[in-house]
>>> print(open('model_4.csv').read())   # CSV, C-alpha atoms and all ligand atoms
chain,number,residue,atom,x,y,z
A,1,MET,CA,191.9,286.3,-19.0
A,2,ALA,CA,188.6,285.0,-20.5
A,3,GLY,CA,185.1,285.9,-19.6
A,4,ASN,CA,185.0,289.7,-20.0
A,5,ILE,CA,182.7,289.7,-23.1
A,6,PHE,CA,178.9,289.6,-22.7
A,7,GLY,CA,176.2,289.3,-25.3
A,8,GLU,CA,175.8,288.0,-28.9
A,9,LEU,CA,174.7,290.9,-31.1
A,10,PHE,CA,174.7,293.7,-28.5
A,11,ARG,CA,178.1,292.9,-27.2
A,12,VAL,CA,180.0,294.4,-24.3
A,13,VAL,CA,183.5,294.0,-23.1
A,14,THR,CA,184.4,295.6,-19.8
A,15,PHE,CA,187.9,296.5,-18.4
A,16,GLY,CA,189.7,297.9,-15.4
A,17,GLU,CA,190.5,297.3,-11.8
A,18,SER,CA,189.0,299.0,-8.8
A,19,HIS,CA,192.3,300.8,-7.9
A,20,GLY,CA,193.8,301.1,-11.4
A,21,PRO,CA,193.7,304.4,-13.4
A,22,ALA,CA,190.3,303.8,-15.0
A,23,MET,CA,187.4,301.4,-15.7
A,24,GLY,CA,185.2,301.2,-18.7
A,25,CYS,CA,183.4,299.3,-21.5
A,26,VAL,CA,183.3,298.9,-25.2
A,27,ILE,CA,179.9,298.2,-26.7
A,28,ASP,CA,180.0,296.6,-30.2
A,29,GLY,CA,176.7,296.0,-32.0
A,30,CYS,CA,174.6,299.0,-30.9
A,31,PRO,CA,172.7,300.0,-34.0
A,32,ALA,CA,173.5,303.4,-35.7
A,33,GLY,CA,171.1,306.3,-35.3
A,34,LEU,CA,170.3,305.9,-31.6
A,35,SER,CA,170.1,309.2,-29.7
A,36,LEU,CA,172.6,308.9,-26.9
A,37,THR,CA,173.8,311.6,-24.4
A,38,LYS,CA,176.5,311.5,-21.8
A,39,ALA,CA,173.8,312.7,-19.4
A,40,ALA,CA,171.9,309.4,-19.8
A,41,ILE,CA,175.0,307.4,-18.8
A,42,GLU,CA,175.8,309.8,-16.0
A,43,ARG,CA,172.3,309.5,-14.6
A,44,GLU,CA,172.6,305.7,-14.3
A,45,LEU,CA,176.2,305.9,-12.9
A,46,ARG,CA,175.0,308.4,-10.3
A,47,ARG,CA,172.4,305.8,-9.1
A,48,ARG,CA,175.1,303.2,-8.6
A,49,ARG,CA,177.6,305.5,-6.9
A,50,PRO,CA,178.5,304.9,-3.3
A,51,GLY,CA,177.7,307.7,-0.9
A,52,ARG,CA,173.9,307.6,-0.7
A,53,GLY,CA,174.3,307.0,3.0
A,54,GLY,CA,172.9,304.2,5.1
A,55,ALA,CA,174.2,300.9,3.7
A,56,SER,CA,176.7,302.4,1.3
A,57,SER,CA,180.5,302.8,1.5
A,58,ALA,CA,182.1,306.2,2.0
A,59,ARG,CA,184.2,305.9,-1.2
A,60,ASN,CA,183.6,309.3,-2.9
A,61,GLU,CA,184.0,308.8,-6.7
A,62,THR,CA,182.7,311.3,-9.2
A,63,ASP,CA,182.2,308.5,-11.8
A,64,GLU,CA,182.2,310.9,-14.7
A,65,PRO,CA,181.9,309.0,-18.0
A,66,GLU,CA,183.9,310.0,-21.1
A,67,ILE,CA,182.6,308.7,-24.4
A,68,LEU,CA,185.6,308.1,-26.5
A,69,SER,CA,184.1,306.7,-29.7
A,70,GLY,CA,180.9,305.6,-31.4
A,71,VAL,CA,178.8,308.7,-30.9
A,72,PHE,CA,178.7,311.8,-33.2
A,73,GLU,CA,176.5,314.8,-32.6
A,74,GLY,CA,174.3,312.9,-30.1
A,75,LYS,CA,173.7,309.8,-32.2
A,76,THR,CA,175.4,306.4,-32.3
A,77,LEU,CA,177.5,305.7,-35.4
A,78,GLY,CA,177.1,301.9,-35.4
A,79,THR,CA,180.8,301.7,-34.5
A,80,PRO,CA,182.2,300.5,-31.1
A,81,ILE,CA,181.1,302.8,-28.3
A,82,ALA,CA,183.9,303.1,-25.8
A,83,ILE,CA,183.2,304.6,-22.4
A,84,VAL,CA,185.8,305.3,-19.8
A,85,VAL,CA,185.5,306.4,-16.1
A,86,ARG,CA,188.6,307.5,-14.2
A,87,ASN,CA,189.2,306.1,-10.7
A,88,SER,CA,189.9,309.1,-8.5
A,89,ASP,CA,189.2,308.3,-4.8
A,90,HIS,CA,191.0,305.0,-4.2
A,91,HIS,CA,192.8,304.6,-0.9
A,92,SER,CA,195.1,301.8,-1.9
A,93,GLY,CA,197.0,301.9,1.3
A,94,ASP,CA,194.0,300.6,3.2
A,95,TYR,CA,194.4,297.3,1.4
A,96,GLU,CA,198.1,296.8,2.1
A,97,ASP,CA,197.4,294.1,4.7
A,98,LEU,CA,195.5,292.1,2.0
A,99,ARG,CA,198.6,291.6,-0.1
A,100,ASP,CA,199.3,288.4,1.9
A,101,LEU,CA,195.9,287.7,3.5
A,102,TYR,CA,192.7,286.3,2.1
A,103,ARG,CA,189.4,287.9,3.0
A,104,PRO,CA,186.8,285.2,4.1
A,105,GLY,CA,183.9,285.3,1.7
A,106,HIS,CA,185.7,287.4,-1.0
A,107,ALA,CA,187.5,286.3,-4.2
A,108,ASP,CA,191.1,286.8,-3.0
A,109,LEU,CA,191.9,283.2,-2.4
A,110,THR,CA,190.4,281.8,-5.6
A,111,TRP,CA,191.8,284.5,-7.8
A,112,GLU,CA,195.3,283.8,-6.5
A,113,ALA,CA,194.8,280.0,-6.9
A,114,LYS,CA,193.7,280.6,-10.5
A,115,TYR,CA,196.1,283.3,-11.8
A,116,GLY,CA,199.0,283.1,-9.3
A,117,ILE,CA,198.9,286.9,-9.1
A,118,ARG,CA,196.2,289.4,-8.1
A,119,ASP,CA,195.7,293.1,-7.6
A,120,HIS,CA,194.9,293.1,-3.8
A,121,ARG,CA,193.9,296.8,-3.9
A,122,GLY,CA,190.2,296.9,-3.5
A,123,GLY,CA,189.7,293.4,-4.9
A,124,GLY,CA,190.9,294.4,-8.4
A,125,ARG,CA,188.3,293.2,-10.9
A,126,SER,CA,186.3,291.2,-8.3
A,127,SER,CA,185.5,294.5,-6.7
A,128,GLY,CA,181.9,295.8,-6.7
A,129,ARG,CA,183.3,298.8,-8.6
A,130,GLU,CA,183.5,296.6,-11.7
A,131,THR,CA,179.7,296.9,-11.9
A,132,LEU,CA,180.0,300.5,-13.0
A,133,CYS,CA,181.2,299.3,-16.4
A,134,ARG,CA,178.0,297.2,-16.7
A,135,VAL,CA,175.9,300.2,-15.6
A,136,ALA,CA,177.5,302.4,-18.3
A,137,ALA,CA,176.8,299.8,-21.0
A,138,GLY,CA,173.3,299.2,-19.5
A,139,ALA,CA,172.5,302.9,-19.9
A,140,VAL,CA,173.1,302.5,-23.7
A,141,ALA,CA,171.0,299.4,-23.8
A,142,ARG,CA,168.2,301.2,-21.9
A,143,ALA,CA,168.2,304.0,-24.4
A,144,PHE,CA,167.9,301.4,-27.2
A,145,LEU,CA,165.1,299.6,-25.5
A,146,ALA,CA,163.2,302.8,-24.8
A,147,GLY,CA,162.7,303.0,-28.6
A,148,TYR,CA,160.8,299.7,-28.4
A,149,GLY,CA,158.7,300.9,-25.4
A,150,ILE,CA,160.5,298.5,-23.0
A,151,SER,CA,161.2,299.9,-19.5
A,152,ILE,CA,162.8,298.2,-16.5
A,153,ARG,CA,162.5,299.0,-12.8
A,154,ALA,CA,164.0,297.3,-9.8
A,155,TRP,CA,163.8,297.9,-6.0
A,156,VAL,CA,164.9,296.3,-2.7
A,157,SER,CA,162.2,293.8,-1.6
A,158,SER,CA,164.1,292.4,1.3
A,159,ILE,CA,167.1,293.7,3.3
A,160,ALA,CA,168.9,292.5,6.4
A,161,GLY,CA,166.2,289.8,6.9
A,162,LEU,CA,163.3,292.3,6.7
A,163,ASP,CA,160.7,292.0,4.0
A,164,MET,CA,159.7,295.2,2.4
A,165,PRO,CA,156.2,296.0,1.0
A,166,GLY,CA,155.5,294.1,-2.3
A,167,PRO,CA,153.7,295.7,-5.3
A,168,GLU,CA,150.3,294.3,-4.1
A,169,ALA,CA,150.7,296.0,-0.7
A,170,PRO,CA,148.8,299.3,-0.1
A,171,ASP,CA,152.0,301.0,1.2
A,172,PHE,CA,154.1,300.0,-1.8
A,173,ASP,CA,155.4,303.3,-3.2
A,174,PHE,CA,157.8,302.9,-6.1
A,175,ASP,CA,158.8,306.6,-6.3
A,176,GLU,CA,160.1,306.3,-2.7
A,177,THR,CA,162.9,304.0,-4.0
A,178,GLU,CA,164.7,307.0,-5.5
A,179,ARG,CA,164.2,309.0,-2.3
A,180,ASN,CA,165.5,306.8,0.4
A,181,ALA,CA,169.1,305.5,0.8
A,182,LEU,CA,168.0,301.9,0.8
A,183,ARG,CA,165.9,301.9,-2.4
A,184,VAL,CA,163.0,300.5,-0.5
A,185,PRO,CA,159.5,301.1,-1.8
A,186,GLY,CA,158.0,302.7,1.3
A,187,ARG,CA,159.2,305.4,3.7
A,188,GLU,CA,158.3,303.6,7.0
A,189,ALA,CA,159.8,300.3,5.8
A,190,ALA,CA,163.0,302.2,4.8
A,191,GLU,CA,163.3,303.7,8.3
A,192,LYS,CA,162.9,300.3,10.0
A,193,ALA,CA,165.5,298.8,7.6
A,194,LEU,CA,167.9,301.7,8.1
A,195,ALA,CA,167.8,301.2,11.9
A,196,GLU,CA,168.8,297.6,11.4
A,197,ILE,CA,171.6,298.5,9.0
A,198,GLU,CA,172.9,301.2,11.4
A,199,ALA,CA,173.0,298.5,14.2
A,200,LEU,CA,175.0,296.2,11.9
A,201,LYS,CA,177.4,299.0,11.0
A,202,ALA,CA,178.0,299.7,14.7
A,203,GLU,CA,178.8,296.0,15.2
A,204,GLY,CA,181.1,296.0,12.2
A,205,ASP,CA,178.9,293.4,10.4
A,206,SER,CA,177.0,293.3,7.1
A,207,ALA,CA,173.8,292.0,5.6
A,208,GLY,CA,172.3,290.8,2.4
A,209,GLY,CA,168.9,291.0,0.7
A,210,VAL,CA,166.8,290.7,-2.4
A,211,VAL,CA,166.3,292.9,-5.4
A,212,SER,CA,163.0,292.5,-7.3
A,213,CYS,CA,162.9,293.5,-10.9
A,214,SER,CA,160.1,294.0,-13.4
A,215,ALA,CA,160.2,294.9,-17.1
A,216,ALA,CA,157.2,296.2,-19.0
A,217,GLY,CA,156.6,296.5,-22.8
A,218,LEU,CA,158.3,293.3,-23.8
A,219,PRO,CA,156.9,291.9,-27.0
A,220,PRO,CA,156.2,288.2,-27.1
A,221,GLY,CA,159.1,286.2,-28.7
A,222,LEU,CA,162.3,287.4,-26.9
A,223,GLY,CA,164.6,284.5,-26.0
A,224,GLU,CA,166.3,281.9,-28.2
A,225,PRO,CA,165.6,278.3,-27.3
A,226,VAL,CA,167.2,276.0,-26.5
A,227,PHE,CA,170.4,277.1,-24.8
A,228,ASP,CA,169.8,280.8,-24.9
A,229,LYS,CA,166.4,280.9,-23.3
A,230,LEU,CA,165.5,284.3,-21.9
A,231,ASP,CA,165.4,283.0,-18.3
A,232,ALA,CA,168.7,281.1,-18.8
A,233,ARG,CA,170.5,284.2,-20.1
A,234,LEU,CA,169.0,286.5,-17.5
A,235,ALA,CA,170.0,284.1,-14.7
A,236,SER,CA,173.5,283.9,-16.1
A,237,ALA,CA,173.7,287.7,-16.4
A,238,LEU,CA,172.6,288.2,-12.8
A,239,LEU,CA,174.7,285.4,-11.3
A,240,SER,CA,177.7,287.0,-13.0
A,241,LEU,CA,177.3,289.8,-10.4
A,242,GLY,CA,179.5,289.6,-7.3
A,243,ALA,CA,177.6,288.4,-4.3
A,244,CYS,CA,174.5,287.4,-6.3
A,245,LYS,CA,173.6,283.9,-5.1
A,246,GLY,CA,170.1,283.1,-6.4
A,247,VAL,CA,167.6,284.1,-9.0
A,248,GLU,CA,163.9,283.2,-9.3
A,249,PHE,CA,161.4,284.0,-11.9
A,250,GLY,CA,157.7,284.6,-11.2
A,251,ALA,CA,156.5,282.3,-8.4
A,252,GLY,CA,160.1,281.0,-8.3
A,253,PHE,CA,161.1,278.4,-5.7
A,254,ALA,CA,157.5,278.6,-4.3
A,255,ALA,CA,156.4,276.9,-7.5
A,256,ALA,CA,157.9,273.7,-6.3
A,257,ARG,CA,155.2,273.5,-3.6
A,258,LEU,CA,152.3,274.4,-5.9
A,259,ARG,CA,150.0,272.1,-7.9
A,260,GLY,CA,149.8,272.5,-11.6
A,261,SER,CA,146.2,273.7,-11.3
A,262,GLU,CA,147.5,276.5,-9.0
A,263,HIS,CA,150.6,277.4,-10.9
A,264,ASN,CA,149.5,277.4,-14.5
A,265,ASP,CA,148.8,280.9,-15.9
A,266,VAL,CA,145.4,280.5,-17.6
A,267,PRO,CA,145.2,282.3,-21.0
A,268,VAL,CA,142.1,284.6,-21.3
A,269,PHE,CA,140.5,286.4,-24.2
A,270,LEU,CA,141.4,290.1,-24.3
A,271,ALA,CA,138.7,292.1,-25.9
A,272,GLU,CA,141.2,294.8,-27.1
A,273,ALA,CA,143.5,292.2,-28.7
A,274,GLY,CA,140.7,290.5,-30.5
A,275,ALA,CA,139.9,286.8,-30.9
A,276,GLY,CA,142.8,284.5,-31.8
A,277,ALA,CA,145.4,287.1,-30.9
A,278,LEU,CA,148.8,285.8,-29.9
A,279,PRO,CA,149.6,286.2,-27.1
A,280,PRO,CA,146.3,286.4,-25.3
A,281,GLY,CA,146.1,287.8,-21.8
A,282,PHE,CA,146.7,285.6,-18.7
A,283,LYS,CA,144.8,285.4,-15.4
A,284,THR,CA,148.1,285.3,-13.4
A,285,ASN,CA,151.8,285.6,-13.9
A,286,ASN,CA,153.4,282.8,-12.0
A,287,ALA,CA,155.7,282.2,-15.0
A,288,GLY,CA,157.2,285.7,-14.6
A,289,GLY,CA,156.5,286.5,-18.2
A,290,ILE,CA,158.5,283.7,-19.7
A,291,LEU,CA,157.3,280.4,-21.2
A,292,GLY,CA,159.7,277.9,-22.9
A,293,GLY,CA,162.4,280.5,-22.5
A,294,ILE,CA,160.5,283.0,-24.7
A,295,SER,CA,158.8,286.2,-23.4
A,296,SER,CA,155.0,285.8,-23.3
A,297,GLY,CA,154.1,289.4,-23.6
A,298,GLN,CA,153.4,289.6,-19.9
A,299,ARG,CA,155.5,291.6,-17.5
A,300,LEU,CA,159.0,290.1,-16.9
A,301,GLU,CA,159.2,289.5,-13.1
A,302,PHE,CA,162.2,288.1,-11.2
A,303,LYS,CA,164.1,288.4,-8.0
A,304,ALA,CA,167.9,288.2,-7.3
A,305,ALA,CA,169.3,287.3,-3.9
A,306,PHE,CA,172.5,288.9,-2.6
A,307,LYS,CA,174.6,287.6,0.2
A,308,PRO,CA,176.0,289.8,3.0
A,309,THR,CA,179.0,292.0,2.0
A,310,PRO,CA,182.0,289.8,2.7
A,311,SER,CA,184.4,292.6,3.8
A,312,ILE,CA,183.3,293.3,7.4
A,313,SER,CA,185.2,295.3,10.0
A,314,LYS,CA,184.7,292.8,12.8
A,315,PRO,CA,187.9,290.8,13.5
A,316,GLN,CA,188.0,287.5,11.6
A,317,GLN,CA,190.2,284.6,11.4
A,318,THR,CA,192.0,283.8,8.1
A,319,VAL,CA,195.3,282.4,6.7
A,320,ASP,CA,198.2,284.2,5.0
A,321,ARG,CA,200.2,283.1,1.9
A,322,SER,CA,202.3,280.7,4.0
A,323,GLY,CA,199.2,279.0,5.4
A,324,ALA,CA,199.7,280.4,8.9
A,325,LEU,CA,196.6,281.4,10.9
A,326,ARG,CA,196.1,285.1,11.2
A,327,GLU,CA,193.6,287.6,12.6
A,328,LEU,CA,192.2,290.0,10.0
A,329,ILE,CA,190.8,293.4,10.5
A,330,ILE,CA,189.6,294.8,7.2
A,331,ARG,CA,190.1,298.5,6.6
A,332,GLY,CA,188.9,300.2,3.4
A,333,ARG,CA,185.4,301.4,2.7
A,334,HIS,CA,182.8,298.8,2.2
A,335,ASP,CA,179.0,298.8,1.9
A,336,VAL,CA,177.3,297.4,5.0
A,337,CYS,CA,174.8,296.0,2.5
A,338,ILE,CA,175.4,296.1,-1.2
A,339,VAL,CA,171.7,295.4,-2.1
A,340,PRO,CA,170.6,299.1,-2.6
A,341,ARG,CA,173.5,299.7,-4.9
A,342,ALA,CA,172.8,296.4,-6.8
A,343,VAL,CA,169.4,297.8,-7.9
A,344,PRO,CA,170.7,299.9,-10.9
A,345,VAL,CA,173.2,297.1,-11.7
A,346,VAL,CA,170.4,294.5,-11.9
A,347,GLU,CA,168.5,296.9,-14.2
A,348,ALA,CA,171.6,297.3,-16.3
A,349,MET,CA,172.2,293.5,-16.7
A,350,THR,CA,168.5,293.1,-17.6
A,351,ALA,CA,168.7,295.8,-20.2
A,352,LEU,CA,171.8,294.3,-21.8
A,353,VAL,CA,170.1,290.9,-22.1
A,354,LEU,CA,166.9,292.4,-23.5
A,355,ALA,CA,168.7,294.6,-26.0
A,356,ASP,CA,170.5,291.5,-27.3
A,357,PHE,CA,167.3,289.5,-27.6
A,358,VAL,CA,165.5,292.4,-29.4
A,359,LEU,CA,168.2,292.4,-32.0
A,360,LEU,CA,168.3,288.6,-32.3
A,361,GLN,CA,164.5,288.5,-32.7
A,362,ARG,CA,164.8,290.7,-35.8
A,363,ALA,CA,166.7,287.7,-37.4
A,364,ALA,CA,164.3,285.0,-36.1
A,365,ARG,CA,161.6,285.0,-38.8
A,366,ILE,CA,160.4,286.5,-42.0
A,367,GLY,CA,157.4,288.7,-41.6
B,401,LIG,C1,177.2,296.7,-6.4
B,401,LIG,C2,178.1,295.8,-5.6
B,401,LIG,C3,179.0,296.4,-4.6
B,401,LIG,C4,179.8,295.6,-3.8
B,401,LIG,N1,180.5,296.1,-2.8
B,401,LIG,C5,181.3,295.4,-2.1
B,401,LIG,C6,182.0,295.9,-1.0
B,401,LIG,O1,182.0,297.1,-0.7
B,401,LIG,N2,182.8,295.1,-0.2
B,401,LIG,C7,182.9,293.7,-0.5
B,401,LIG,O2,183.6,293.0,0.2
B,401,LIG,N3,182.2,293.2,-1.5
B,401,LIG,C8,181.4,293.9,-2.3
B,401,LIG,N4,180.7,293.4,-3.3
B,401,LIG,C9,180.7,291.9,-3.4
B,401,LIG,C10,181.9,291.3,-4.0
B,401,LIG,O3,182.2,291.9,-5.3
B,401,LIG,C11,181.8,289.8,-4.1
B,401,LIG,O4,181.2,289.3,-2.9
B,401,LIG,C12,183.1,289.1,-4.4
B,401,LIG,O5,183.5,289.5,-5.7
B,401,LIG,C13,183.1,287.6,-4.3
B,401,LIG,O6,182.2,287.0,-5.2
B,401,LIG,P1,181.0,286.1,-4.8
B,401,LIG,O7,180.4,286.8,-3.6
B,401,LIG,O8,180.0,286.1,-5.9
B,401,LIG,O9,181.5,284.8,-4.4
B,401,LIG,C14,179.9,294.2,-4.1
B,401,LIG,C15,179.1,293.6,-5.1
B,401,LIG,C16,178.2,294.4,-5.9
B,401,LIG,C17,177.3,293.8,-7.0
>>> encode(input="model_4.csv", output="structure tokens", more="lines below")
Ligand SMILES: Cc1cc2nc3c(=O)[nH]c(=O)nc-3n(C[C@H](O)[C@H](O)[C@H](O)COP(=O)(O)O)c2cc1C
Amino acid sequence: MAGNIFGELFRVVTFGESHGPAMGCVIDGCPAGLSLTKAAIERELRRRRPGRGGASSARNETDEPEILSGVFEGKTLGTPIAIVVRNSDHHSGDYEDLRDLYRPGHADLTWEAKYGIRDHRGGGRSSGRETLCRVAAGAVARAFLAGYGISIRAWVSSIAGLDMPGPEAPDFDFDETERNALRVPGREAAEKALAEIEALKAEGDSAGGVVSCSAAGLPPGLGEPVFDKLDARLASALLSLGACKGVEFGAGFAAARLRGSEHNDVPVFLAEAGAGALPPGFKTNNAGGILGGISSGQRLEFKAAFKPTPSISKPQQTVDRSGALRELIIRGRHDVCIVPRAVPVVEAMTALVLADFVLLQRAARIG
């Protein structure tokens, strides 16, 4: 099976199926001497875990990481870092019906068409649980980026068709995202969205939404033109997430309706940077912090759109292996909306891309 390795210098391979004994990752290329604790990985895994209530599934995993190699006395050795997490709360029996049936909207049908065999229990590797490997690796990348003053934060900006307060709104409260189950930046907005999610849950249905992400402290110069542009690699990283269906940077799709004079971010002199400094400041950030595939030194700003969870408990029509029409009632524990849990996953993928480009930039020029 191809496609399990990510990155060029900061490389990650992930492994494991949702209902197998364990899942994990091996990171190759993390420089030696980085302070890394199990607690830093645990913290990120806890943020991804189901069971925050509201939109989340009831699967109750401890998600305790075990660092098997690459770290000695709290510092990375420069050798492969292997992290494993045991699966402990899988109810594989819930998925027995899916041995011969294909869930609409999920990957069951295409996996079987491709490989001729699939692990039907919990979706195997196409399960949302696969993202825990990315979050574990992302925690290491975040620790590396912190040394460069780069920080990443994401939040739910739209859920179940409701738009949440944006950073420019007076009621935008980022701290609230770690307090409410939906990772929404505002208490009132979270309550409204939760009511919508509860109604969908009662109907046995699901919803999608949008994750907004912003990274601060990026130096200018990250991104490798022409095929490995920063936006191209980020888009690829995000679209590799199950259920992610669109990515937009800065003004995004709205840019298609603007004039050049409206959309261009005008460079301005920054007194503190001094005349002739590169990069200068900019009046606006419609580009989302990327020009020509290279970070401009502004904040990186993008959004990722997620479709509704495909596994819904409402009866649906499908076909079985023989092609006969069948009614499907999905059991198992699924998120009504995966978007709140996608927040730390989006941050992790961003961290992996940025860590890779920070290392690549060190090879890009002399002086
Ligand atoms: C964090 C996360 C959690 C997910 N949880 C579920 C889930 O509980 N049930 C489900 O049917 N799909 C879930 N998904 C979505 C499926 O993985 C995805 O829809 C499936 O692999 C098909 O891929 P596609 O939607 O990109 O075509 C989750 C995705 C992510 C990123």
>>> closest_atom_pairs(input="model_4.csv", of="chain A", to="ligand LIG 401 (chain B)", cutoff="7 Å", atoms="all atoms listed in the file", output="JSON lines")
{"residue": "A:Ser57", "atom": "CA", "partner": "B:LIG401", "partner_atom": "O1", "distance": 6.3}
{"residue": "A:Gly105", "atom": "CA", "partner": "B:LIG401", "partner_atom": "C13", "distance": 6.5}
{"residue": "A:His106", "atom": "CA", "partner": "B:LIG401", "partner_atom": "C13", "distance": 4.2}
{"residue": "A:Ala107", "atom": "CA", "partner": "B:LIG401", "partner_atom": "C13", "distance": 4.6}
{"residue": "A:Ser126", "atom": "CA", "partner": "B:LIG401", "partner_atom": "O5", "distance": 4.2}
{"residue": "A:Ser127", "atom": "CA", "partner": "B:LIG401", "partner_atom": "O3", "distance": 4.4}
{"residue": "A:Gly128", "atom": "CA", "partner": "B:LIG401", "partner_atom": "C4", "distance": 3.6}
{"residue": "A:Arg129", "atom": "CA", "partner": "B:LIG401", "partner_atom": "C3", "distance": 6.3}
{"residue": "A:Thr131", "atom": "CA", "partner": "B:LIG401", "partner_atom": "C1", "distance": 6.0}
{"residue": "A:Leu241", "atom": "CA", "partner": "B:LIG401", "partner_atom": "C17", "distance": 5.2}
{"residue": "A:Gly242", "atom": "CA", "partner": "B:LIG401", "partner_atom": "O8", "distance": 3.8}
{"residue": "A:Ala243", "atom": "CA", "partner": "B:LIG401", "partner_atom": "O7", "distance": 3.3}
{"residue": "A:Cys244", "atom": "CA", "partner": "B:LIG401", "partner_atom": "O8", "distance": 5.7}
{"residue": "A:Lys245", "atom": "CA", "partner": "B:LIG401", "partner_atom": "O8", "distance": 6.8}
{"residue": "A:Lys307", "atom": "CA", "partner": "B:LIG401", "partner_atom": "O7", "distance": 7.0}
{"residue": "A:Thr309", "atom": "CA", "partner": "B:LIG401", "partner_atom": "N3", "distance": 4.9}
{"residue": "A:Pro310", "atom": "CA", "partner": "B:LIG401", "partner_atom": "O2", "distance": 4.4}
{"residue": "A:Ser311", "atom": "CA", "partner": "B:LIG401", "partner_atom": "O2", "distance": 3.7}
{"residue": "A:Arg333", "atom": "CA", "partner": "B:LIG401", "partner_atom": "O1", "distance": 6.5}
{"residue": "A:His334", "atom": "CA", "partner": "B:LIG401", "partner_atom": "O1", "distance": 3.5}
{"residue": "A:Asp335", "atom": "CA", "partner": "B:LIG401", "partner_atom": "O1", "distance": 4.3}
{"residue": "A:Ile338", "atom": "CA", "partner": "B:LIG401", "partner_atom": "C3", "distance": 5.0}
{"residue": "A:Arg341", "atom": "CA", "partner": "B:LIG401", "partner_atom": "C1", "distance": 5.0}
{"residue": "A:Ala342", "atom": "CA", "partner": "B:LIG401", "partner_atom": "C1", "distance": 4.4}
{"residue": "A:Val345", "atom": "CA", "partner": "B:LIG401", "partner_atom": "C1", "distance": 6.7}
>>> residues_around(input="model_4.csv", residues="Ala2 of chain A", least_positions_apart="5", cutoff="12 Å", atoms="all atoms listed in the file", output="compact mmCIF listing (two decimals) with C-alpha atoms, in the coordinates of the input")
# COMPACT_ATOMS: atom_id res chain seq x y z
CA VAL A 13 183.50 294.00 -23.10
CA THR A 14 184.40 295.60 -19.80
CA PHE A 15 187.90 296.50 -18.40
CA TYR A 115 196.10 283.30 -11.80
>>> residues_near_point(input="model_4.csv", point="(158.4, 305.9, 2.0)", cutoff="10 Å", atoms="all atoms listed in the file", output="list in words")
Asp171, Phe172, Asp173, Phe174, Asp175, Glu176, Thr177, Glu178, Arg179, Asn180, Arg183, Val184, Pro185, Gly186, Arg187, Glu188, Ala189, Ala190 and Glu191 of chain A
>>> write_last_selection(input="model_4.csv", atoms="C-alpha atoms", output="PDB file, in the frame of the given file")
ATOM      1  CA  ASP A 171     152.000 301.000   1.200  1.00  0.00           C
ATOM      2  CA  PHE A 172     154.100 300.000  -1.800  1.00  0.00           C
ATOM      3  CA  ASP A 173     155.400 303.300  -3.200  1.00  0.00           C
ATOM      4  CA  PHE A 174     157.800 302.900  -6.100  1.00  0.00           C
ATOM      5  CA  ASP A 175     158.800 306.600  -6.300  1.00  0.00           C
ATOM      6  CA  GLU A 176     160.100 306.300  -2.700  1.00  0.00           C
ATOM      7  CA  THR A 177     162.900 304.000  -4.000  1.00  0.00           C
ATOM      8  CA  GLU A 178     164.700 307.000  -5.500  1.00  0.00           C
ATOM      9  CA  ARG A 179     164.200 309.000  -2.300  1.00  0.00           C
ATOM     10  CA  ASN A 180     165.500 306.800   0.400  1.00  0.00           C
ATOM     11  CA  ARG A 183     165.900 301.900  -2.400  1.00  0.00           C
ATOM     12  CA  VAL A 184     163.000 300.500  -0.500  1.00  0.00           C
ATOM     13  CA  PRO A 185     159.500 301.100  -1.800  1.00  0.00           C
ATOM     14  CA  GLY A 186     158.000 302.700   1.300  1.00  0.00           C
ATOM     15  CA  ARG A 187     159.200 305.400   3.700  1.00  0.00           C
ATOM     16  CA  GLU A 188     158.300 303.600   7.000  1.00  0.00           C
ATOM     17  CA  ALA A 189     159.800 300.300   5.800  1.00  0.00           C
ATOM     18  CA  ALA A 190     163.000 302.200   4.800  1.00  0.00           C
ATOM     19  CA  GLU A 191     163.300 303.700   8.300  1.00  0.00           C
TER      20      GLU A 191
END
>>> closest_residue(input="model_4.csv", among="A:Ser35, A:Thr62, A:Ser92, A:Ser295", to="Leu77 of chain A", atoms="all atoms listed in the file")
A:Ser35
>>> closest_residue(input="model_4.csv", among="A:Cys25, A:Ala235, A:Leu300, A:Val12", to="Arg153 of chain A", atoms="all atoms listed in the file")
A:Leu300
>>> atom_distance(input="model_4.csv", atom1="atom CA of Asp63 of chain A", atom2="atom CA of Leu200 of chain A")
27.7 Å
>>> atom_distance(input="model_4.csv", atom1="atom CA of Gly208 of chain A", atom2="atom CA of Val339 of chain A")
6.5 Å
>>> atom_distance(input="model_4.csv", atom1="atom CA of Ala40 of chain A", atom2="atom CA of Arg142 of chain A")
9.2 Å
>>> residues_near_point(input="model_4.csv", point="(179.5, 304.9, -11.4)", cutoff="7 Å", atoms="all atoms listed in the file", output="ChimeraX atom specification")
/A:45-46,48-49,63,132
>>> residues_around(input="model_4.csv", residues="Glu61 of chain A", least_positions_apart="4", cutoff="10 Å", atoms="all atoms listed in the file", output="number ranges by chain")
A: 46, 49-51, 85-90
>>> write_last_selection(input="model_4.csv", atoms="C-alpha atoms", output="mmCIF file, in the coordinates of the input")
data_model
loop_
_atom_site.group_PDB
_atom_site.id
_atom_site.type_symbol
_atom_site.label_atom_id
_atom_site.label_comp_id
_atom_site.auth_asym_id
_atom_site.auth_seq_id
_atom_site.Cartn_x
_atom_site.Cartn_y
_atom_site.Cartn_z
ATOM 1 C CA ARG A 46 175.000 308.400 -10.300
ATOM 2 C CA ARG A 49 177.600 305.500 -6.900
ATOM 3 C CA PRO A 50 178.500 304.900 -3.300
ATOM 4 C CA GLY A 51 177.700 307.700 -0.900
ATOM 5 C CA VAL A 85 185.500 306.400 -16.100
ATOM 6 C CA ARG A 86 188.600 307.500 -14.200
ATOM 7 C CA ASN A 87 189.200 306.100 -10.700
ATOM 8 C CA SER A 88 189.900 309.100 -8.500
ATOM 9 C CA ASP A 89 189.200 308.300 -4.800
ATOM 10 C CA HIS A 90 191.000 305.000 -4.200
#
